[in-house]
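So the structure is just underneath, and the comments pick up after that.
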Amino acid sequence: MIELIHISKRFGDTAAVDDISLKVESGEFCVVVGTSGCGKSTTLRMINRLIEHSDGEIHIDSQPIRSFREEQLRRRIGYAIQSTGLFPHWTVARNIGLVPRLLKWPKARIDARVEELLTLLGLSGSEFAGKYPSQLSGGQAQRVGVARALAANPDILLMDEPFGALDPITRETLQIELRQLQTRLGKTIVFVTHDMDEALRLADRLVVMHEGRIVQQGHPLTLLREPVNDFVASMLGGEDRGLKEAALLPVSERMSPLGVGGVARERIDQGASLREALSIMLWRRVECLAVVDDGDIPIGELSFRRLVGARGHE
Ligand SMILES: Nc1ncnc2c1ncn2[C@@H]1O[C@H](COP(=O)(O)OP(=O)(O)O)[C@@H](O)[C@H]1O
Ligand SMILES: [Mg+2]
């Protein structure tokens, strides 16, 4: 769906982005991580032509983006950033309606769309539509920023550290909601962050950048297990990689059938991660958990040995 082919961007003599190639499939959640100044934002902004690339070609659905009219880019690509970019003297409704207005939608259609988006992002319309950005909490403003990016129903969403300024709890809530939204709406997302836990939680494809280049890309588990060099290994968590991998694997992956000797007392949901299971074991000082289904019915058990993936007999 989105393809960057040998893309470079020079500002004067310095290359901010240096010969990167990247393919993002339709419906994929692609997360770009890397140290500050490595070219993440520049890469994102070349996709919607806020920045023109110096060399190479960028294609959307096999068409070079240089052949797109500005209106087509606006309609197809939503963009959300950390500072939200909301206009302070405009109401929430007017901010969200920005792109539809530029696309000259009739007023009734814009109003209906704003209402729909406020509901989608968990902000009740009657309360929020008339507020100004200064009257919103950080989390609410960020939701409005995402609603605005979705306004013209683009199939591509570019997000540059959209949750960077939020407290950890609000941030995690919005991450979960964004992931659900993406599954439901089937958007193709390119998301920039420097927070590895956020990246691992969200990514179908993880792209690690360093000094303007892509060092490695692939499924998060592949990068965790087979980093190509020490830089990628340390970016992905160094000594913490075991815990980060456990956070990506569901309990059901390692659970065994219900034992004959009765069910362990401490319970864990089958959809929980191995990391959560480990935490419960440490906290409750137990070596076995009962795995339960949505109805809280035990369906298996998870021993410490199985959790760590130890080989051989129990
Ligand atoms: N408009 C610009 N003019 C000159 N240099 C720029 C400009 N935008 C970015 N750069 C430089 O390009 C490099 C990459 O920047 P950026 O893409 O913003 O990094 P990141 O988002 O990964 O922190 C940095 O060295 C930055 O200083
Ligand atoms: Mg940046």
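Every chain in the structure tokens takes a letter, A first, then B, and so on in the order presented; its residues are numbered from 1, and the ligands are numbered from 1 following the presented order.
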Show me which residues line ligand 1, defined as having an atom within 6 Å of a ligand atom where only C-alpha atoms and all ligand atoms count, and present them as a list in words.
Phe11, Ala16, Ser36, Gly37, Cys38, Gly39, Lys40, Ser41 and Thr42 of chain A
Deliver the residues from the most recent selection as a file, using all heavy atoms, as a short mmCIF file (atom, residue, chain, number, x, y, z; two decimals), in the first residue's frame.
data_model
loop_
_atom_site.label_atom_id
_atom_site.label_comp_id
_atom_site.auth_asym_id
_atom_site.auth_seq_id
_atom_site.Cartn_x
_atom_site.Cartn_y
_atom_site.Cartn_z
N PHE A 11 18.95 17.99 4.04
CA PHE A 11 18.78 19.40 4.38
C PHE A 11 20.16 20.02 4.21
O PHE A 11 21.05 19.75 5.02
CB PHE A 11 18.28 19.58 5.81
CG PHE A 11 16.89 19.06 6.04
CD1 PHE A 11 16.67 17.91 6.79
CD2 PHE A 11 15.78 19.72 5.51
CE1 PHE A 11 15.39 17.43 7.02
CE2 PHE A 11 14.49 19.23 5.73
CZ PHE A 11 14.30 18.10 6.48
N ALA A 16 19.19 13.75 6.38
CA ALA A 16 18.33 13.43 7.52
C ALA A 16 17.82 12.00 7.37
O ALA A 16 17.65 11.28 8.35
CB ALA A 16 17.17 14.40 7.60
N SER A 36 16.45 10.01 19.11
CA SER A 36 16.06 11.33 18.69
C SER A 36 16.96 11.83 17.55
O SER A 36 18.16 11.64 17.57
CB SER A 36 16.16 12.26 19.90
OG SER A 36 15.79 13.54 19.53
N GLY A 37 16.34 12.40 16.53
CA GLY A 37 17.11 12.96 15.42
C GLY A 37 17.50 11.96 14.35
O GLY A 37 18.25 12.29 13.43
N CYS A 38 16.98 10.72 14.43
CA CYS A 38 17.40 9.70 13.47
C CYS A 38 16.61 9.77 12.16
O CYS A 38 16.87 8.99 11.24
CB CYS A 38 17.29 8.31 14.08
SG CYS A 38 15.61 7.76 14.33
N GLY A 39 15.62 10.67 12.08
CA GLY A 39 14.91 10.84 10.81
C GLY A 39 13.49 10.29 10.78
O GLY A 39 12.89 10.20 9.72
N LYS A 40 12.93 9.99 11.95
CA LYS A 40 11.58 9.41 11.99
C LYS A 40 10.52 10.38 11.47
O LYS A 40 9.73 10.04 10.60
CB LYS A 40 11.21 9.01 13.44
CG LYS A 40 12.20 8.04 14.10
CD LYS A 40 11.75 7.65 15.50
CE LYS A 40 11.74 8.79 16.50
NZ LYS A 40 13.04 9.37 16.79
N SER A 41 10.52 11.59 12.02
CA SER A 41 9.50 12.56 11.61
C SER A 41 9.65 12.94 10.15
O SER A 41 8.66 13.08 9.43
CB SER A 41 9.58 13.83 12.47
OG SER A 41 9.32 13.52 13.81
N THR A 42 10.89 13.09 9.71
CA THR A 42 11.15 13.43 8.31
C THR A 42 10.57 12.35 7.41
O THR A 42 9.90 12.64 6.40
CB THR A 42 12.66 13.59 8.07
OG1 THR A 42 13.17 14.57 8.98
CG2 THR A 42 12.96 14.01 6.65
#
Contacts of A:Thr222 at 12 Å or less, counting only C-alpha atoms, minus same-chain residues fewer than 5 places along, as a PDB file with N, CA and C atoms, in the first residue's frame?
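This is the output file around_21.pdb:
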ATOM      1  N   LEU A 200       6.103  -1.991  20.867  1.00  0.00           N
ATOM      2  CA  LEU A 200       5.855  -3.433  20.889  1.00  0.00           C
ATOM      3  C   LEU A 200       4.376  -3.734  21.070  1.00  0.00           C
ATOM      4  N   ALA A 203       2.780  -2.654  17.285  1.00  0.00           N
ATOM      5  CA  ALA A 203       3.288  -2.933  15.934  1.00  0.00           C
ATOM      6  C   ALA A 203       2.955  -4.301  15.373  1.00  0.00           C
ATOM      7  N   ASP A 204       2.549  -4.327  14.091  1.00  0.00           N
ATOM      8  CA  ASP A 204       2.609  -5.546  13.291  1.00  0.00           C
ATOM      9  C   ASP A 204       3.985  -5.616  12.656  1.00  0.00           C
ATOM     10  N   ARG A 205       4.463  -4.424  12.252  1.00  0.00           N
ATOM     11  CA  ARG A 205       5.799  -4.313  11.674  1.00  0.00           C
ATOM     12  C   ARG A 205       6.552  -3.240  12.448  1.00  0.00           C
ATOM     13  N   LEU A 206       7.752  -3.609  12.875  1.00  0.00           N
ATOM     14  CA  LEU A 206       8.567  -2.688  13.652  1.00  0.00           C
ATOM     15  C   LEU A 206       9.777  -2.291  12.803  1.00  0.00           C
ATOM     16  N   VAL A 207      10.029  -0.994  12.733  1.00  0.00           N
ATOM     17  CA  VAL A 207      11.139  -0.485  11.929  1.00  0.00           C
ATOM     18  C   VAL A 207      12.077   0.267  12.865  1.00  0.00           C
ATOM     19  N   GLN A 216      16.899  -2.338  10.956  1.00  0.00           N
ATOM     20  CA  GLN A 216      16.204  -3.627  10.875  1.00  0.00           C
ATOM     21  C   GLN A 216      14.705  -3.376  10.865  1.00  0.00           C
ATOM     22  N   GLN A 217      13.976  -4.232  10.179  1.00  0.00           N
ATOM     23  CA  GLN A 217      12.515  -4.159  10.221  1.00  0.00           C
ATOM     24  C   GLN A 217      11.944  -5.556  10.155  1.00  0.00           C
ATOM     25  N   PRO A 227      17.907  -9.853  16.786  1.00  0.00           N
ATOM     26  CA  PRO A 227      18.360  -8.511  16.425  1.00  0.00           C
ATOM     27  C   PRO A 227      19.632  -8.619  15.584  1.00  0.00           C
ATOM     28  N   VAL A 228      19.744  -7.762  14.551  1.00  0.00           N
ATOM     29  CA  VAL A 228      20.903  -7.900  13.658  1.00  0.00           C
ATOM     30  C   VAL A 228      22.191  -7.366  14.279  1.00  0.00           C
ATOM     31  N   VAL A 232      20.253  -2.657  17.797  1.00  0.00           N
ATOM     32  CA  VAL A 232      18.853  -3.109  17.789  1.00  0.00           C
ATOM     33  C   VAL A 232      18.537  -3.827  19.100  1.00  0.00           C
ATOM     34  N   ALA A 233      19.469  -4.672  19.558  1.00  0.00           N
ATOM     35  CA  ALA A 233      19.244  -5.408  20.811  1.00  0.00           C
ATOM     36  C   ALA A 233      19.035  -4.437  21.969  1.00  0.00           C
ATOM     37  N   LEU A 236      15.727  -2.599  21.734  1.00  0.00           N
ATOM     38  CA  LEU A 236      14.588  -3.444  22.070  1.00  0.00           C
ATOM     39  C   LEU A 236      14.548  -3.836  23.535  1.00  0.00           C
ATOM     40  N   ARG A 241      14.768  -7.884  27.408  1.00  0.00           N
ATOM     41  CA  ARG A 241      14.089  -8.436  26.229  1.00  0.00           C
ATOM     42  C   ARG A 241      13.214  -9.627  26.564  1.00  0.00           C
ATOM     43  N   GLU A 245       9.415  -9.857  25.456  1.00  0.00           N
ATOM     44  CA  GLU A 245       8.877 -10.970  24.668  1.00  0.00           C
ATOM     45  C   GLU A 245       7.681 -11.585  25.395  1.00  0.00           C
ATOM     46  N   LEU A 248       4.410 -10.063  24.877  1.00  0.00           N
ATOM     47  CA  LEU A 248       3.774 -10.244  23.565  1.00  0.00           C
ATOM     48  C   LEU A 248       3.122 -11.607  23.400  1.00  0.00           C
TER      49      LEU A 248
END
Selected residue, from A:Pro162, A:Gly145, A:Gly237, A:Gly130, that lies nearest to ligand 2 when counting only C-alpha atoms and all ligand atoms
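Among the listed residues, A:Pro162 lies closest to ligand 2.
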Counting only C-alpha atoms, which of A:Phe128, A:Phe191, A:Trp105, A:Phe163 gets nearest to A:Gly78?
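Once distances to A:Gly78 are computed over only C-alpha atoms, the minimum belongs to A:Phe191.
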Counting only C-alpha atoms and all ligand atoms, the residue of A:Asp160, A:Asp61, A:Glu71, A:Glu127 that sits nearest ligand 2:
A:Asp160
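Among the candidates A:Arg143, A:Arg113, A:Gly212, A:Pro88, the one nearest to ligand 2 when counting only C-alpha atoms and all ligand atoms is A:Gly212.
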Ranking A:Val192, A:Ala141, A:Ala112, A:Ala165 by minimum distance to ligand 2 and counting only C-alpha atoms and all ligand atoms, which one comes first?
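Closest to ligand 2 of all the choices is A:Val192.
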Need to verify the contact set: A:His6, 12 Å, only C-alpha atoms, exclusion of same-chain residues closer than 3 positions in sequence. Can you return it as a PyMOL selection string?
chain A and resi 3+9+17-23+43+53-59+212-214
Dump N, CA and C atoms for the selected residues as an mmCIF file, in the first residue's frame?
data_model
loop_
_atom_site.group_PDB
_atom_site.id
_atom_site.type_symbol
_atom_site.label_atom_id
_atom_site.label_comp_id
_atom_site.auth_asym_id
_atom_site.auth_seq_id
_atom_site.Cartn_x
_atom_site.Cartn_y
_atom_site.Cartn_z
ATOM 1 N N GLU A 3 4.856 2.399 -0.257
ATOM 2 C CA GLU A 3 6.189 1.875 -0.534
ATOM 3 C C GLU A 3 7.194 3.008 -0.685
ATOM 4 N N LYS A 9 16.558 12.150 2.122
ATOM 5 C CA LYS A 9 16.211 13.568 2.277
ATOM 6 C C LYS A 9 17.424 14.310 2.815
ATOM 7 N N VAL A 17 17.555 11.620 6.120
ATOM 8 C CA VAL A 17 17.138 10.257 5.807
ATOM 9 C C VAL A 17 18.020 9.802 4.658
ATOM 10 N N ASP A 18 18.584 8.587 4.819
ATOM 11 C CA ASP A 18 19.642 8.164 3.912
ATOM 12 C C ASP A 18 19.324 6.809 3.287
ATOM 13 N N ASP A 19 18.712 6.827 2.108
ATOM 14 C CA ASP A 19 18.501 5.618 1.321
ATOM 15 C C ASP A 19 17.707 4.538 2.074
ATOM 16 N N ILE A 20 16.486 4.869 2.465
ATOM 17 C CA ILE A 20 15.679 3.852 3.140
ATOM 18 C C ILE A 20 14.633 3.268 2.197
ATOM 19 N N SER A 21 14.370 1.988 2.372
ATOM 20 C CA SER A 21 13.315 1.322 1.617
ATOM 21 C C SER A 21 12.391 0.624 2.608
ATOM 22 N N LEU A 22 11.102 0.769 2.378
ATOM 23 C CA LEU A 22 10.120 0.279 3.347
ATOM 24 C C LEU A 22 8.807 0.020 2.618
ATOM 25 N N LYS A 23 8.179 -1.104 2.957
ATOM 26 C CA LYS A 23 6.898 -1.439 2.364
ATOM 27 C C LYS A 23 5.905 -1.658 3.504
ATOM 28 N N THR A 43 10.791 11.083 7.769
ATOM 29 C CA THR A 43 10.263 9.965 6.989
ATOM 30 C C THR A 43 8.742 10.044 6.881
ATOM 31 N N HIS A 53 10.763 14.567 -0.759
ATOM 32 C CA HIS A 53 11.979 13.757 -0.696
ATOM 33 C C HIS A 53 12.989 14.212 -1.754
ATOM 34 N N SER A 54 14.279 14.001 -1.458
ATOM 35 C CA SER A 54 15.336 14.427 -2.382
ATOM 36 C C SER A 54 15.588 13.376 -3.463
ATOM 37 N N ASP A 55 15.624 12.098 -3.040
ATOM 38 C CA ASP A 55 15.891 11.009 -3.985
ATOM 39 C C ASP A 55 14.945 9.856 -3.723
ATOM 40 N N GLY A 56 14.778 9.027 -4.716
ATOM 41 C CA GLY A 56 13.969 7.831 -4.576
ATOM 42 C C GLY A 56 12.529 8.081 -4.958
ATOM 43 N N GLU A 57 11.685 7.076 -4.672
ATOM 44 C CA GLU A 57 10.272 7.224 -5.004
ATOM 45 C C GLU A 57 9.400 6.702 -3.874
ATOM 46 N N ILE A 58 8.283 7.399 -3.660
ATOM 47 C CA ILE A 58 7.290 6.920 -2.699
ATOM 48 C C ILE A 58 6.014 6.614 -3.475
ATOM 49 N N HIS A 59 5.512 5.403 -3.283
ATOM 50 C CA HIS A 59 4.285 5.004 -3.964
ATOM 51 C C HIS A 59 3.175 4.739 -2.959
ATOM 52 N N GLY A 212 19.423 8.115 10.238
ATOM 53 C CA GLY A 212 18.881 8.268 8.888
ATOM 54 C C GLY A 212 18.689 6.986 8.110
ATOM 55 N N ARG A 213 19.066 5.855 8.713
ATOM 56 C CA ARG A 213 18.938 4.586 7.992
ATOM 57 C C ARG A 213 18.032 3.617 8.741
ATOM 58 N N ILE A 214 17.482 2.667 8.002
ATOM 59 C CA ILE A 214 16.738 1.586 8.649
ATOM 60 C C ILE A 214 17.736 0.482 8.973
#
Restricting the calculation to only C-alpha atoms, which member of A:Gln175, A:Ser256, A:Thr35, A:Gln63 is positioned closest to A:Leu4?
A:Gln63
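For the atom pair formed by atom CA of A:Leu50 and atom CA of A:Leu150, the distance is 17.7 Å, given to one decimal.
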To one decimal place in Å, what is the distance between atom CA of A:Ile299 and atom CA of A:Ser252?
9.7 Å
Where in stretch 22-256 of chain A does DSSP assign alpha helix (DSSP H), given as a ChimeraX atom specification?
/A:40-47,70-76,92-96,98-102,107-120,125-128,138-150,168-185,196-202,220-225,230-235,241-248
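For the atom pair formed by atom CA of A:Gly238 and atom CA of A:Gln180, the distance is 29.1 Å, given to one decimal.
Residue-level DSSP output for stretch 120-243 of chain A, from the backbone, shows strand (DSSP E or B) at Ile156, Leu157, Leu158, Met159, Asp160, Thr188, Ile189, Val190, Phe191, Val192, Arg205, Leu206, Val207, Val208, Met209, His210, Arg213, Ile214, Val215, Gln216, Gln217 and Gly218 of chain A.
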Leaving out A:Met255 and any residue of its chain fewer than 4 positions from it, which residues lie within 8 Å of it when counting only C-alpha atoms, given as a list in words?
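Close residues of A:Met255: Val251, Val291, Gly300, Glu301, Leu302, Ser303, Arg306 and Leu307 of chain A.
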With a distance cut-off of 9 Å and only C-alpha atoms, select the neighbouring residues of A:Arg75, excluding the residue or stretch itself and same-chain residues fewer than 5 positions from it, and output the selection as an MDAnalysis selection string.
chainID A and resid 70 99:100 103 151:155
Save out the residues we just selected, N, CA, C and O atoms, as a PDB file, in the first residue's frame.
ATOM      1  N   GLU A  70      -3.108  17.620  -4.357  1.00  0.00           N
ATOM      2  CA  GLU A  70      -3.110  17.926  -2.932  1.00  0.00           C
ATOM      3  C   GLU A  70      -4.392  17.415  -2.262  1.00  0.00           C
ATOM      4  O   GLU A  70      -4.361  16.863  -1.170  1.00  0.00           O
ATOM      5  N   VAL A  99     -10.440  19.256   7.667  1.00  0.00           N
ATOM      6  CA  VAL A  99     -10.186  18.678   6.340  1.00  0.00           C
ATOM      7  C   VAL A  99     -11.482  18.554   5.522  1.00  0.00           C
ATOM      8  O   VAL A  99     -11.509  18.946   4.355  1.00  0.00           O
ATOM      9  N   PRO A 100     -12.586  18.057   6.121  1.00  0.00           N
ATOM     10  CA  PRO A 100     -13.837  18.038   5.343  1.00  0.00           C
ATOM     11  C   PRO A 100     -14.216  19.425   4.788  1.00  0.00           C
ATOM     12  O   PRO A 100     -14.713  19.521   3.670  1.00  0.00           O
ATOM     13  N   LEU A 103     -12.192  20.108   1.878  1.00  0.00           N
ATOM     14  CA  LEU A 103     -12.660  19.287   0.759  1.00  0.00           C
ATOM     15  C   LEU A 103     -14.057  19.711   0.301  1.00  0.00           C
ATOM     16  O   LEU A 103     -14.647  19.062  -0.549  1.00  0.00           O
ATOM     17  N   ALA A 151     -11.046  12.459  10.085  1.00  0.00           N
ATOM     18  CA  ALA A 151     -12.270  13.153   9.664  1.00  0.00           C
ATOM     19  C   ALA A 151     -12.724  12.805   8.251  1.00  0.00           C
ATOM     20  O   ALA A 151     -13.895  12.511   8.025  1.00  0.00           O
ATOM     21  N   ALA A 152     -11.824  12.835   7.297  1.00  0.00           N
ATOM     22  CA  ALA A 152     -12.244  12.586   5.914  1.00  0.00           C
ATOM     23  C   ALA A 152     -12.173  11.101   5.569  1.00  0.00           C
ATOM     24  O   ALA A 152     -12.143  10.735   4.396  1.00  0.00           O
ATOM     25  N   ASN A 153     -12.179  10.263   6.600  1.00  0.00           N
ATOM     26  CA  ASN A 153     -12.104   8.819   6.445  1.00  0.00           C
ATOM     27  C   ASN A 153     -10.944   8.370   5.560  1.00  0.00           C
ATOM     28  O   ASN A 153     -11.128   7.642   4.591  1.00  0.00           O
ATOM     29  N   PRO A 154      -9.716   8.786   5.902  1.00  0.00           N
ATOM     30  CA  PRO A 154      -8.550   8.409   5.098  1.00  0.00           C
ATOM     31  C   PRO A 154      -8.254   6.931   5.282  1.00  0.00           C
ATOM     32  O   PRO A 154      -8.617   6.354   6.298  1.00  0.00           O
ATOM     33  N   ASP A 155      -7.617   6.302   4.278  1.00  0.00           N
ATOM     34  CA  ASP A 155      -7.248   4.894   4.491  1.00  0.00           C
ATOM     35  C   ASP A 155      -5.871   4.780   5.132  1.00  0.00           C
ATOM     36  O   ASP A 155      -5.480   3.708   5.578  1.00  0.00           O
TER      37      ASP A 155
END
